[in-house]
Every structure is written in C-alpha cells, then in structure tokens.
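Enquirer: Supplied structure: work-v3.txt, compact mmCIF, C-alpha atoms.
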# COMPACT_ATOMS: atom_id res chain seq x y z
CA MET A 132 0.00 0.00 0.00
CA ILE A 133 1.28 3.46 -0.95
CA ASN A 134 0.27 5.91 1.80
CA ILE A 135 -0.26 9.60 1.05
CA LEU A 136 -1.30 12.46 3.33
CA PHE A 137 -3.14 15.66 2.38
CA SER A 138 -4.68 18.23 4.71
CA GLY A 139 -7.31 20.94 4.33
CA ASN A 140 -10.99 21.73 3.94
CA SER A 141 -13.34 21.87 0.95
CA LYS A 142 -10.95 24.24 -0.82
CA VAL A 143 -8.48 21.41 -1.37
CA VAL A 144 -10.84 19.32 -3.52
CA ASP A 145 -9.53 20.74 -6.81
CA GLY A 146 -5.96 20.07 -5.78
CA VAL A 147 -6.63 16.58 -4.47
CA ILE A 148 -8.46 15.54 -7.65
CA THR A 149 -5.73 16.84 -9.96
CA CYS A 150 -2.91 15.46 -7.81
CA MET A 151 -4.53 12.02 -7.55
CA LEU A 152 -5.17 11.91 -11.30
CA SER A 153 -1.55 12.81 -11.99
CA ILE A 154 -0.42 9.96 -9.74
CA PHE A 155 -2.73 7.45 -11.42
CA LYS A 156 -1.92 8.56 -14.96
CA ARG A 157 1.85 8.91 -14.55
CA SER A 158 2.54 5.83 -12.41
CA ASP A 159 2.96 2.27 -13.54
CA THR A 160 2.08 0.27 -10.44
CA LYS A 161 -0.62 -2.18 -9.48
CA GLU A 162 -0.15 -1.44 -5.79
CA ALA A 163 -3.11 0.28 -4.15
CA PHE A 164 -3.06 3.83 -2.80
CA ARG A 165 -4.43 5.03 0.52
CA PHE A 166 -5.00 8.77 0.70
CA TYR A 167 -5.52 10.33 4.13
CA ILE A 168 -7.04 13.81 4.37
CA TYR A 169 -6.61 15.53 7.73
CA THR A 170 -9.37 18.08 8.18
CA MET A 171 -11.11 20.11 10.90
CA ASP A 172 -13.86 22.59 11.66
CA ILE A 173 -12.39 25.79 12.96
CA THR A 174 -15.10 28.31 12.08
CA ARG A 175 -14.29 30.26 15.25
CA ILE A 176 -11.45 31.76 13.16
CA LYS A 177 -13.20 32.14 9.79
CA PRO A 178 -16.67 31.03 8.62
CA GLU A 179 -15.18 29.20 5.64
CA TYR A 180 -12.91 27.06 7.84
CA THR A 181 -15.25 24.08 7.81
CA SER A 182 -14.04 20.52 7.44
CA ILE A 183 -14.08 18.78 4.09
CA THR A 184 -17.47 17.09 3.81
CA LYS A 185 -18.10 13.36 3.86
CA GLU A 186 -19.79 13.74 0.47
CA GLU A 187 -16.71 15.35 -1.05
CA VAL A 188 -14.47 12.63 0.35
CA ALA A 189 -16.87 9.94 -0.90
CA TYR A 190 -16.59 11.44 -4.40
CA LEU A 191 -12.79 11.55 -4.16
CA ASP A 192 -12.91 7.92 -3.05
CA SER A 193 -15.03 6.99 -6.06
CA ILE A 194 -12.47 8.63 -8.38
CA ALA A 195 -9.64 6.70 -6.72
CA LYS A 196 -11.56 3.42 -6.94
CA SER A 197 -12.25 3.96 -10.65
CA TYR A 198 -8.50 3.38 -11.17
CA ASN A 199 -8.14 0.54 -8.67
CA SER A 200 -10.95 -0.88 -6.54
CA ASP A 201 -8.49 -1.28 -3.65
CA ASN A 202 -7.67 2.44 -3.57
CA GLU A 203 -9.27 4.45 -0.79
CA VAL A 204 -9.60 8.03 0.45
CA ILE A 205 -9.93 8.39 4.21
CA ARG A 206 -11.23 11.48 5.99
CA VAL A 207 -9.58 12.08 9.37
CA ASP A 208 -11.21 14.78 11.51
CA VAL A 209 -8.53 16.19 13.81
CA THR A 210 -10.56 19.11 15.22
CA ASP A 211 -10.27 17.89 18.80
CA ILE A 212 -6.52 17.37 18.49
CA TYR A 213 -6.06 20.81 16.97
CA GLU A 214 -8.07 22.58 19.66
CA LYS A 215 -6.13 20.76 22.37
CA GLU A 216 -2.72 21.41 20.84
CA PHE A 217 -2.90 24.70 18.94
CA ALA A 218 -6.00 26.71 19.91
CA TYR A 219 -5.09 30.41 20.10
CA CYS A 220 -1.39 29.67 19.54
CA PRO A 221 0.94 32.35 18.07
CA ASN A 222 0.86 30.69 14.62
CA GLU A 223 -2.88 30.27 14.23
CA MET A 224 -3.03 33.32 11.94
CA ALA A 225 0.18 32.55 10.05
CA TYR A 226 0.93 33.40 6.41
CA CYS A 227 -1.12 30.39 5.33
CA SER A 228 -4.19 28.69 6.78
CA PRO A 229 -4.16 26.69 10.05
CA TYR A 230 -4.74 23.57 7.93
CA THR A 231 -1.04 23.46 7.09
CA LEU A 232 -0.38 22.72 10.76
CA LEU A 233 -2.34 19.47 10.68
CA ARG A 234 0.51 17.34 9.31
CA LEU A 235 2.26 17.93 12.63
CA PHE A 236 -0.23 15.46 14.15
CA ALA A 237 0.88 12.48 12.06
CA ASP A 238 2.57 10.85 15.06
CA ILE A 239 -0.49 11.08 17.34
CA VAL A 240 -3.28 10.21 14.90
CA PRO A 241 -3.94 6.50 15.53
CA ASP A 242 -3.00 3.79 13.03
CA MET A 243 -0.88 5.89 10.68
CA PRO A 244 1.70 3.88 8.67
CA ASP A 245 5.43 4.19 9.33
CA LYS A 246 6.12 5.40 5.77
CA LEU A 247 3.92 8.28 4.69
CA LEU A 248 4.24 10.76 1.83
CA TYR A 249 2.91 14.20 2.74
CA LEU A 250 1.92 16.31 -0.26
CA ASP A 251 0.69 19.86 -0.63
CA ILE A 252 -2.33 19.88 -2.92
CA ASP A 253 -0.88 22.36 -5.45
CA LEU A 254 1.32 19.91 -7.32
CA LEU A 255 1.24 17.38 -10.14
CA PHE A 256 3.31 14.28 -10.76
CA ASN A 257 5.13 14.36 -14.07
CA ARG A 258 6.68 10.90 -13.61
CA ASP A 259 6.06 7.71 -11.63
CA ILE A 260 5.38 8.26 -7.93
CA ARG A 261 7.46 5.19 -7.08
CA LEU A 262 10.60 7.14 -8.03
CA LEU A 263 9.85 9.18 -4.91
CA TYR A 264 7.97 6.80 -2.64
CA ASP A 265 10.48 3.95 -2.95
CA ILE A 266 13.38 6.08 -1.70
CA ASP A 267 14.93 4.46 1.36
CA VAL A 268 14.48 6.70 4.44
CA GLU A 269 15.75 4.20 7.00
CA GLY A 270 17.72 6.12 9.63
CA TYR A 271 16.27 9.47 8.52
CA GLU A 272 13.24 11.35 9.87
CA TYR A 273 12.13 12.39 6.41
CA ALA A 274 13.33 13.09 2.90
CA ALA A 275 12.78 16.43 1.17
CA ALA A 276 14.08 18.63 -1.64
CA ARG A 277 15.46 22.13 -1.33
CA ASP A 278 13.23 25.16 -1.44
CA HIS A 279 13.85 26.97 -4.72
CA TYR A 280 14.20 30.42 -3.16
CA GLY A 281 15.16 29.42 0.38
CA LYS A 282 18.31 27.62 -0.77
CA TYR A 283 19.60 31.01 -2.00
CA LEU A 284 18.11 33.37 0.58
CA ILE A 285 18.20 31.34 3.80
CA ASN A 286 20.41 28.25 3.73
CA PRO A 287 21.80 26.01 0.96
CA ASN A 288 20.00 23.02 2.51
CA TYR A 289 16.77 24.83 3.39
CA VAL A 290 13.97 22.46 2.38
CA ASN A 291 10.48 23.00 1.03
CA ALA A 292 7.93 21.18 3.19
CA GLY A 293 5.38 20.72 0.40
CA VAL A 294 6.75 17.26 -0.37
CA LEU A 295 7.89 15.27 2.66
CA LEU A 296 8.54 11.54 2.71
CA PHE A 297 7.98 10.76 6.39
CA ASN A 298 9.63 7.96 8.33
CA LEU A 299 7.16 8.14 11.22
CA LYS A 300 8.92 5.40 13.16
CA GLU A 301 12.12 7.46 13.25
CA MET A 302 10.22 10.71 13.89
CA LYS A 303 8.57 9.18 16.94
CA LYS A 304 11.97 8.00 18.15
CA THR A 305 13.55 11.47 17.87
CA GLY A 306 10.41 13.37 18.87
CA LEU A 307 10.58 15.63 15.82
CA LEU A 308 6.85 16.35 15.69
CA VAL A 309 6.61 16.73 19.47
CA LYS A 310 9.33 19.40 19.29
CA ALA A 311 7.69 21.02 16.27
CA ARG A 312 4.33 21.27 18.04
CA GLU A 313 5.99 22.86 21.05
CA LEU A 314 7.53 25.51 18.79
CA ILE A 315 4.16 26.20 17.16
CA LYS A 316 2.60 26.65 20.60
CA THR A 317 5.27 28.94 22.01
CA LYS A 318 6.99 30.92 19.22
CA LYS A 319 5.78 33.02 16.30
CA LEU A 320 7.53 31.48 13.28
CA THR A 321 8.03 33.06 9.86
CA PHE A 322 6.83 30.01 7.95
CA ALA A 323 4.90 28.34 10.79
CA ASP A 324 4.86 24.54 10.31
CA GLN A 325 7.70 24.51 7.78
CA SER A 326 9.92 26.47 10.15
CA ALA A 327 8.92 24.23 13.07
CA ILE A 328 9.76 21.06 11.15
CA ILE A 329 13.12 22.37 9.96
CA ARG A 330 14.13 23.61 13.43
CA SER A 331 13.16 20.28 15.01
CA THR A 332 14.97 18.07 12.51
CA THR A 333 17.73 15.75 13.69
CA LYS A 334 18.50 13.97 10.42
CA LYS A 335 16.94 14.51 7.00
CA LYS A 336 17.68 13.03 3.59
CA MET A 337 18.21 15.63 0.89
CA LEU A 338 16.53 14.89 -2.43
CA PRO A 339 17.32 16.28 -5.90
CA GLN A 340 15.24 19.28 -6.97
CA LYS A 341 13.33 17.11 -9.47
CA PHE A 342 11.28 15.70 -6.59
CA ASN A 343 9.85 19.13 -5.75
CA ASP A 344 10.42 21.52 -8.64
CA GLN A 345 8.79 24.83 -7.71
CA LYS A 346 9.77 26.83 -10.78
CA PHE A 347 10.56 24.70 -13.82
CA LEU A 348 9.28 21.63 -15.60
CA TRP A 349 11.96 19.41 -17.09
CA LYS A 350 11.73 15.96 -18.63
CA SER A 351 13.36 14.67 -15.43
CA THR A 352 10.91 16.46 -13.12
CA VAL A 353 9.02 14.01 -10.94
CA VAL A 354 6.91 16.56 -9.03
CA ARG A 355 5.97 20.00 -10.37
CA HIS A 356 4.94 22.13 -7.41
CA PHE A 357 2.71 25.07 -8.38
CA SER A 358 3.70 27.29 -5.46
CA LYS A 359 3.85 31.08 -5.52
CA ARG A 360 6.78 32.21 -7.64
CA LEU A 361 8.54 35.25 -8.98
CA PHE A 362 8.09 36.41 -12.57
CA TYR A 363 10.38 39.00 -14.15
CA LEU A 364 8.26 39.89 -17.19
CA PRO A 365 6.57 42.12 -18.16
CA TYR A 366 7.74 43.53 -14.79
CA PRO A 367 8.97 41.87 -11.56
CA HIS A 368 5.96 40.42 -9.72
CA THR A 369 4.76 37.32 -7.93
CA ASP A 370 1.83 35.15 -8.93
CA ASN A 371 0.23 32.09 -7.38
CA ILE A 372 -0.92 30.00 -10.35
CA LYS A 373 -2.33 26.61 -9.37
CA GLN A 374 -2.63 23.60 -11.64
CA TRP A 375 -6.44 23.71 -11.71
CA MET A 376 -6.29 27.21 -13.23
CA VAL A 377 -6.13 25.57 -16.62
CA SER A 378 -6.20 28.71 -18.78
CA LYS A 379 -3.31 30.26 -16.82
CA VAL A 380 -1.34 27.02 -16.94
CA HIS A 381 -1.63 27.18 -20.72
CA LYS A 382 -1.15 30.91 -21.16
CA THR A 383 1.57 31.65 -18.59
CA PHE A 384 3.50 28.39 -18.32
CA ARG A 385 2.66 27.03 -21.78
CA TYR A 386 2.25 23.60 -20.24
CA TYR A 387 0.19 21.17 -22.28
CA GLN A 388 1.78 17.98 -20.92
CA PHE A 389 -0.86 17.79 -18.20
CA ASP A 390 -3.92 18.23 -20.42
CA ASP A 391 -5.06 14.62 -20.05
CA ILE A 392 -5.13 15.18 -16.28
CA LEU A 393 -6.67 18.64 -16.33
CA TYR A 394 -9.42 17.85 -18.83
CA GLU A 395 -10.48 14.83 -16.82
CA TYR A 396 -10.46 17.02 -13.72
CA ILE A 397 -12.79 19.53 -15.43
CA TYR A 398 -15.17 16.72 -16.38
CA LEU A 399 -15.15 15.16 -12.90
CA LYS A 400 -15.58 18.51 -11.12
CA LYS A 401 -18.57 19.42 -13.31
CA LYS A 402 -20.06 15.96 -12.81
CA PHE A 403 -19.85 16.30 -9.03
CA GLU A 404 -21.37 19.80 -9.10
CA ASN A 405 -24.28 18.52 -11.21
CA GLU A 406 -24.86 15.63 -8.80
CA VAL A 407 -24.94 18.05 -5.86
CA LYS A 408 -27.44 20.31 -7.66
CA SER A 409 -29.61 17.33 -8.50
CA GLN A 410 -29.64 16.19 -4.89
CA GLU A 411 -30.53 19.71 -3.71
CA MET A 412 -33.46 19.85 -6.15
CA ASP A 413 -34.76 16.51 -4.83
CA LEU A 414 -34.89 17.81 -1.29
Would you encode the structure as structure tokens?
Expert:
Amino acid sequence: MINILFSGNSKVVDGVITCMLSIFKRSDTKEAFRFYIYTMDITRIKPEYTSITKEEVAYLDSIAKSYNSDNEVIRVDVTDIYEKEFAYCPNEMAYCSPYTLLRLFADIVPDMPDKLLYLDIDLLFNRDIRLLYDIDVEGYEYAAARDHYGKYLINPNYVNAGVLLFNLKEMKKTGLLVKARELIKTKKLTFADQSAIIRSTTKKKMLPQKFNDQKFLWKSTVVRHFSKRLFYLPYPHTDNIKQWMVSKVHKTFRYYQFDDILYEYIYLKKKFENEVKSQEMDL
C-alpha cells in the first residue's frame, strides 16, 4: 500500500483531484493507494474554515476506486486534536491557513503507517510516484528537496515542506513532531509549520530538486509544485498560479503535458457539481 497524506478543507478538492489523477496517470504500479485527508472545523477563526465534507471525500474515493478498486480516500477529523494542541497559539493566523499545521499530528493520529508521503495539494506528478515513494528513508526522519528560493536566501540546505517523505517510526523516536508542536505553541515562526519542522529536525535526507520543482518543468521532473513564484516579465511580480487554473497554466507556463489530467479534472468537477445540484433539487 502506498500511503499519502493531504490536509485541508473543501478548498483542497480541486488540488486533491488533480494530484490524484496525476499519480494514477503517470505511475505504472498495481499497488493500491491510501489517501488520508486531515481536516477540521475551525469556524471560530473564519466562517469558511469548515471541514471537508463526507460527500466530497466519498466522491474523491469513487475517483480513486475507478482506477483501482483497492484504492481508498480516508477522511480524518482532527478538530479535537487541533483545539487541544494549537487553539489560540501564536501561529494560528500565520501566512497560510491553520490547515497546514495538521501534518504535525501524524505521530499522534492513531493507526498511521510508518512510511507516509505528505503532499501539498498544489502539485502534479510528471513521472512515476514510485521514483519518490520507494526512496529508502531508513535512519532518517524524512526526505525532502530544497526550497527553490530558500536555498539562495536562507540556507543552501533549506527544504520545502510541500513534499515530505515521512519515516514516522524514526520521527517518533527522535520526537521531531513533538518538538515542532511545542515551537508552534510557544513561538511566532516566519513560515509556521515549515519552520517548526526544519528547526526540530535531527537527520533529514536531501533529495534532488526534481522531486519538488517549484519553478521549472523538465523531462526529469518528478513533481511540479505550483507554489507562488517570482516572474520577471513584463515587470517583476509574484503570482500564485495553481494547476487547476487551466487557462493560466496554458497561457503563462505554456504547459500542455498535463492536459489529459486537467481535462479529466474539469469533467469530474462538473459531474460532481451537477450531482450536488440534482440532490438539492430533490430535497
């Protein structure tokens, strides 16, 4: 079983669909996938911070099963854990949503596998996932690639936490996530969970940039991460183009390699929306 972790609310559905499709369409494996989605209801902060619905997860599960009947998508509500650990902490209103903090619970959520691939939802696989998942992390807490900008501006080995191959057994031994949670609870950090993970690391395995390419797409690229990036033309500016913004992916990046994934995503998203409307009309 290949175990993958996402986190978020209903806003991650577009990313999860496209990321899953890229895995299925670019990987040559008969082994089943188990996708965990950590979610929570934290509407005390913002009204839109509701958990991903059971209906949405059921639809994601049906997509996964259409590729392999043994695939599954599992919704894990960690609201109680979050409120106990992080309620009103200094990083609750960090640069990104509190949902990014949920991966820090991987060691205390029951029955999680020892090897677990955490993925941000704004990425696509360009090559077989096994090139990444099969990397040996024995003796390491996790494996990760360098952050495209951080390796120049902060530290040559500063990693991007959007793709993390966890060795939970080792992380529990060293207490990495325990230390990271303590930092989140007590110190205001520039990049919240990413900073907490990096500061708490004892031993990490550095991966080539192709496993988390945040700026370019090469033939060798395994994971293309659609994170916010700097553009120099027509004037210096940043933009946050995600893979489900199909027109921008075509116009700005001139990527057409992912069209089989993105067009299926458009079809599946519309199909789900129509099913929801139909159900609402029947009520």
Enquirer: Choose the residue, out of A:Val407, A:Met243, A:Leu393, A:Ile133, that has the smallest atom-to-atom separation from Ser153 of chain A; count only C-alpha atoms.
Expert: A:Leu393
Enquirer: Could you check how far atom CA of Glu269 of chain A sits from atom CA of Leu136 of chain A, in Å to one decimal?
Expert: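 Result for atom CA of Glu269 of chain A versus atom CA of Leu136 of chain A: 19.3 Å, one decimal.
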Enquirer: Give me, as an MDAnalysis selection string, all polymer residues having an atom no more than 12 Å from segment 177-185 of chain A, counting all atoms listed in the file and skipping those fewer than 2 positions away in the same chain.
Expert: chainID A and resid 137:145 147 168:175 187:192 204:210 223:224 228:230
Enquirer: Choose the residue, out of A:Asn199, A:Asn291, A:Ser326, A:Thr160, that has the smallest atom-to-atom separation from Leu262 of chain A; count only C-alpha atoms.
Expert: A:Thr160
Enquirer: When distances are computed from all atoms listed in the file, which of A:Ile315, A:Leu233, A:Leu248, A:Val353 shows the smallest separation from Leu296 of chain A?
Expert: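 Once distances to Leu296 of chain A are computed over all atoms listed in the file, the minimum belongs to A:Leu248.
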Enquirer: Rounded to one decimal, what separation in Å do you get between atom CA of Thr333 of chain A and atom CA of Leu299 of chain A?
Expert: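 Separating atom CA of Thr333 of chain A from atom CA of Leu299 of chain A is a distance of 13.3 Å.
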Enquirer: Could you check which residues have any atom within 6 Å of (-3.7, 11.2, -16.8), counting all atoms listed in the file with coordinates taken straight from the file, and then list them as JSON, numbers by chain?
Expert: {"A": [152, 153, 156, 391, 392]}
Enquirer: What is the distance, in Å and to one decimal place, between atom CA of Ile212 of chain A and atom CA of Tyr167 of chain A?
Expert: 16.0 Å
Enquirer: Find the residue from A:Ile260, A:Leu235, A:Ala323, A:Val290 that sits nearest to Lys303 of chain A; use all atoms listed in the file when measuring.
Expert: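 Closest to Lys303 of chain A of all the choices is A:Leu235.
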Enquirer: Using all atoms listed in the file, give me every residue within 12 Å of (0.3, 27.6, -17.4) in file coordinates, as a list in words.
Expert: Lys346, Phe347, Leu348, Arg355, Phe357, Asp370, Asn371, Ile372, Lys373, Gln374, Trp375, Met376, Val377, Ser378, Lys379, Val380, His381, Lys382, Thr383, Phe384, Arg385, Tyr386, Tyr387, Gln388, Phe389, Asp390 and Leu393 of chain A
Enquirer: Considering all atoms listed in the file, can you say which of A:Pro221, A:Cys227, A:Phe256, A:Phe297 comes closest to Asn134 of chain A?
Expert: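 Answer, going by the shortest atom-to-atom distance: A:Phe297.
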Enquirer: For Ile328 of chain A, work out the shell of residues within 10 Å, counting only C-alpha atoms and skipping chain neighbours fewer than 3 positions away, then give it as number ranges by chain.
Expert: A: 235, 290, 292, 307-312, 314-315, 322-325, 331-333
Enquirer: Under the rule that all atoms listed in the file are counted, which of A:Thr321, A:Tyr249, A:Leu254, A:Glu272 is the nearest residue to Leu295 of chain A?
Expert: A:Tyr249
Enquirer: Padding 3 Å on each side, edges along x, y and z: where is the centre of the box around the listed atoms of segment 203-211 of chain A, and how long are its edges in Å to one decimal? Output it as lines of an AutoDock Vina configuration file.
Expert:
center_x = -9.9
center_y = 11.8
center_z = 9.0
size_x = 8.7
size_y = 20.7
size_z = 25.6
Enquirer: Could segment 185-207 of chain A be completed with N, CA, C and O atoms and written as a CSV table (one decimal), in the coordinates of the input, please?
Expert:
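See part10.csv below for the written result:
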chain,number,residue,atom,x,y,z
A,185,LYS,N,-18.1,14.8,4.1
A,185,LYS,CA,-18.1,13.4,3.9
A,185,LYS,C,-18.5,13.1,2.4
A,185,LYS,O,-18.0,12.1,1.8
A,186,GLU,N,-19.4,13.9,1.9
A,186,GLU,CA,-19.8,13.7,0.5
A,186,GLU,C,-18.6,14.0,-0.5
A,186,GLU,O,-18.5,13.3,-1.5
A,187,GLU,N,-17.9,15.0,-0.2
A,187,GLU,CA,-16.7,15.4,-1.0
A,187,GLU,C,-15.7,14.2,-1.0
A,187,GLU,O,-15.1,13.8,-2.0
A,188,VAL,N,-15.4,13.7,0.2
A,188,VAL,CA,-14.5,12.6,0.4
A,188,VAL,C,-15.0,11.4,-0.3
A,188,VAL,O,-14.2,10.6,-0.9
A,189,ALA,N,-16.3,11.1,-0.2
A,189,ALA,CA,-16.9,9.9,-0.9
A,189,ALA,C,-16.7,10.0,-2.4
A,189,ALA,O,-16.4,9.0,-3.1
A,190,TYR,N,-16.8,11.3,-3.0
A,190,TYR,CA,-16.6,11.4,-4.4
A,190,TYR,C,-15.1,11.2,-4.8
A,190,TYR,O,-14.8,10.6,-5.8
A,191,LEU,N,-14.2,11.8,-3.9
A,191,LEU,CA,-12.8,11.6,-4.2
A,191,LEU,C,-12.5,10.1,-4.1
A,191,LEU,O,-11.7,9.5,-4.9
A,192,ASP,N,-13.1,9.4,-3.2
A,192,ASP,CA,-12.9,7.9,-3.0
A,192,ASP,C,-13.4,7.2,-4.3
A,192,ASP,O,-12.7,6.2,-4.8
A,193,SER,N,-14.5,7.6,-4.9
A,193,SER,CA,-15.0,7.0,-6.1
A,193,SER,C,-14.1,7.2,-7.2
A,193,SER,O,-13.9,6.3,-8.1
A,194,ILE,N,-13.5,8.4,-7.3
A,194,ILE,CA,-12.5,8.6,-8.4
A,194,ILE,C,-11.3,7.7,-8.2
A,194,ILE,O,-10.8,7.1,-9.2
A,195,ALA,N,-10.8,7.6,-7.0
A,195,ALA,CA,-9.6,6.7,-6.7
A,195,ALA,C,-10.0,5.2,-7.1
A,195,ALA,O,-9.2,4.5,-7.7
A,196,LYS,N,-11.2,4.8,-6.7
A,196,LYS,CA,-11.6,3.4,-6.9
A,196,LYS,C,-11.8,3.1,-8.4
A,196,LYS,O,-11.8,2.0,-8.8
A,197,SER,N,-12.1,4.2,-9.2
A,197,SER,CA,-12.2,4.0,-10.6
A,197,SER,C,-10.9,3.5,-11.3
A,197,SER,O,-11.0,3.0,-12.4
A,198,TYR,N,-9.8,3.8,-10.7
A,198,TYR,CA,-8.5,3.4,-11.2
A,198,TYR,C,-8.1,2.1,-10.6
A,198,TYR,O,-7.3,1.3,-11.2
A,199,ASN,N,-8.5,1.8,-9.3
A,199,ASN,CA,-8.1,0.5,-8.7
A,199,ASN,C,-9.1,0.4,-7.5
A,199,ASN,O,-9.2,1.2,-6.6
A,200,SER,N,-9.9,-0.7,-7.5
A,200,SER,CA,-11.0,-0.9,-6.5
A,200,SER,C,-10.4,-1.0,-5.1
A,200,SER,O,-11.1,-0.8,-4.1
A,201,ASP,N,-9.1,-1.2,-5.0
A,201,ASP,CA,-8.5,-1.3,-3.6
A,201,ASP,C,-8.0,0.1,-3.1
A,201,ASP,O,-7.6,0.2,-2.0
A,202,ASN,N,-8.0,1.1,-4.0
A,202,ASN,CA,-7.7,2.4,-3.6
A,202,ASN,C,-8.7,3.0,-2.6
A,202,ASN,O,-9.9,2.6,-2.7
A,203,GLU,N,-8.3,3.8,-1.7
A,203,GLU,CA,-9.3,4.4,-0.8
A,203,GLU,C,-8.8,5.8,-0.4
A,203,GLU,O,-7.6,6.1,-0.3
A,204,VAL,N,-9.8,6.7,-0.1
A,204,VAL,CA,-9.6,8.0,0.4
A,204,VAL,C,-10.2,8.1,1.8
A,204,VAL,O,-11.4,7.8,2.0
A,205,ILE,N,-9.5,8.4,2.8
A,205,ILE,CA,-9.9,8.4,4.2
A,205,ILE,C,-9.9,9.8,4.8
A,205,ILE,O,-8.9,10.5,4.8
A,206,ARG,N,-11.1,10.2,5.3
A,206,ARG,CA,-11.2,11.5,6.0
A,206,ARG,C,-10.9,11.3,7.5
A,206,ARG,O,-11.5,10.5,8.1
A,207,VAL,N,-10.0,12.1,8.0
A,207,VAL,CA,-9.6,12.1,9.4
A,207,VAL,C,-9.8,13.4,10.0
A,207,VAL,O,-9.1,14.4,9.7
